[in-house]
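*Asks:* Let me begin by handing over the structure; questions about it come next.
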Amino acid sequence: QKEVEQNSGPLSVPEGAIASLNCTYSDRGSQSFFWYRQYSGKSPELIMSIYSNGDKEDGRFTAQLNKASQYVSLLIRDSQPSDSATYLCAVREGQAGTALIFGKGTTLSVSS
Amino acid sequence: EAGVAQSPRYKIIEKRQSVAFWCNPISGHATLYWYQQILGQGPKLLIQFQNNGVVDDSQLPKDRFSAERLKGVDSTLKIQPAKLEDSAVYLCASSRLQKGTGSLYEQYFGPGTRLTVT
């Protein structure tokens, strides 16, 4: 059973702080990794994708991938109350697979 | 560029009734996905189409769920008969390509249909 694990939270951080969201996955052959943001009552919105080991930065967001440890993370710098949402980690199945396996999501709460 | 469109947005039915959901993907996206998201869970893939062919329907409960994408664009997902445990949000997503890395196969979601079975 291929799995993606996330701490469900809630993760609470003050406004302006760095929020760190973590994800581990079981399929060692996975090649593509994604972070989706989901506001309450809304659909998932793609915010970051990462395909190779290391860091990828986009504005206030940084995705980090370590395939040897089967670990992917998302850092949100200068967290804002508008960042309060559930963050879903998704992993593309296998080396040539097409299906996304989602974690249950981590709920982030940013207090002003 | 218009996003993925879905309808209806909300549906309430009684158990054993039937229901259908419609999806129109982003223009030019050949791959279409239907996901089921139960409250507190991540989305779970039900079925994936590449143009009008089924790529993966291994998690689709085929005794009650069916889906089609006849002309390779719009898709319909049907449940008949519905059970209480089918209460969930049904999400449609699309991507330009099926396999590979990069932005051409990243998946984008529609607004979803919230189904309540009573």
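Ligands are numbered from 1 in the order shown, residues from 1 within each chain, and chains are lettered A, B, ... in the order they appear in the structure tokens.
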Return as number ranges by chain the residues belonging to chain A that are within 8 Å of chain B, counting only C-alpha atoms.

*Replies:* A: 32, 42-46, 51, 88, 96-105

*Asks:* Could you pull out the strand (DSSP E or B) residues of chain B from DSSP and send them as a count of residues only?

*Replies:* 55

*Asks:* So how many Å separate atom CA of B:Val4 and atom CA of A:Ser84, to one decimal?

*Replies:*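 So the two atoms, atom CA of B:Val4 and atom CA of A:Ser84, lie 24.0 Å apart.
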
*Asks:* Can you pull out the residues contacting B:Ala5? Cut-off 7 Å, using only C-alpha atoms, and skip same-chain residues under 5 positions away; I want them as a PyMOL selection string.

*Replies:* chain B and resi 23-25+110

*Asks:* Might you pull out every residue within 9 Å of A:Ala19, with only C-alpha atoms counted and same-chain residues fewer than 5 positions away left off, and present them as a PyMOL selection string?

*Replies:* chain A and resi 11-13+74-79+108+110

*Asks:* List as JSON, numbers by chain the protein and nucleic acid residues near B:Ala30, meaning an atom at most 8 Å away when only C-alpha atoms are counted, but skip any in the same chain fewer than 5 places from it.

*Replies:* {"B": [50, 51, 72, 73, 94, 95, 96, 97, 98]}

*Asks:* Considering only C-alpha atoms, can you say which of A:Ile50, A:Cys89, A:Leu21, A:Val4 comes closest to A:Ser73?

*Replies:*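 Under the stated criterion, the closest residue is A:Leu21.
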
*Asks:* Taking the DSSP secondary structure from the backbone, can you list the residues of stretch 59-108 of chain B that are helix (DSSP H, G or I), as a list in words?

*Replies:*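 Residues meeting the helix (DSSP H, G or I) criterion: Leu84, Glu85, Asp86, Ser103, Leu104 and Tyr105 of chain B.
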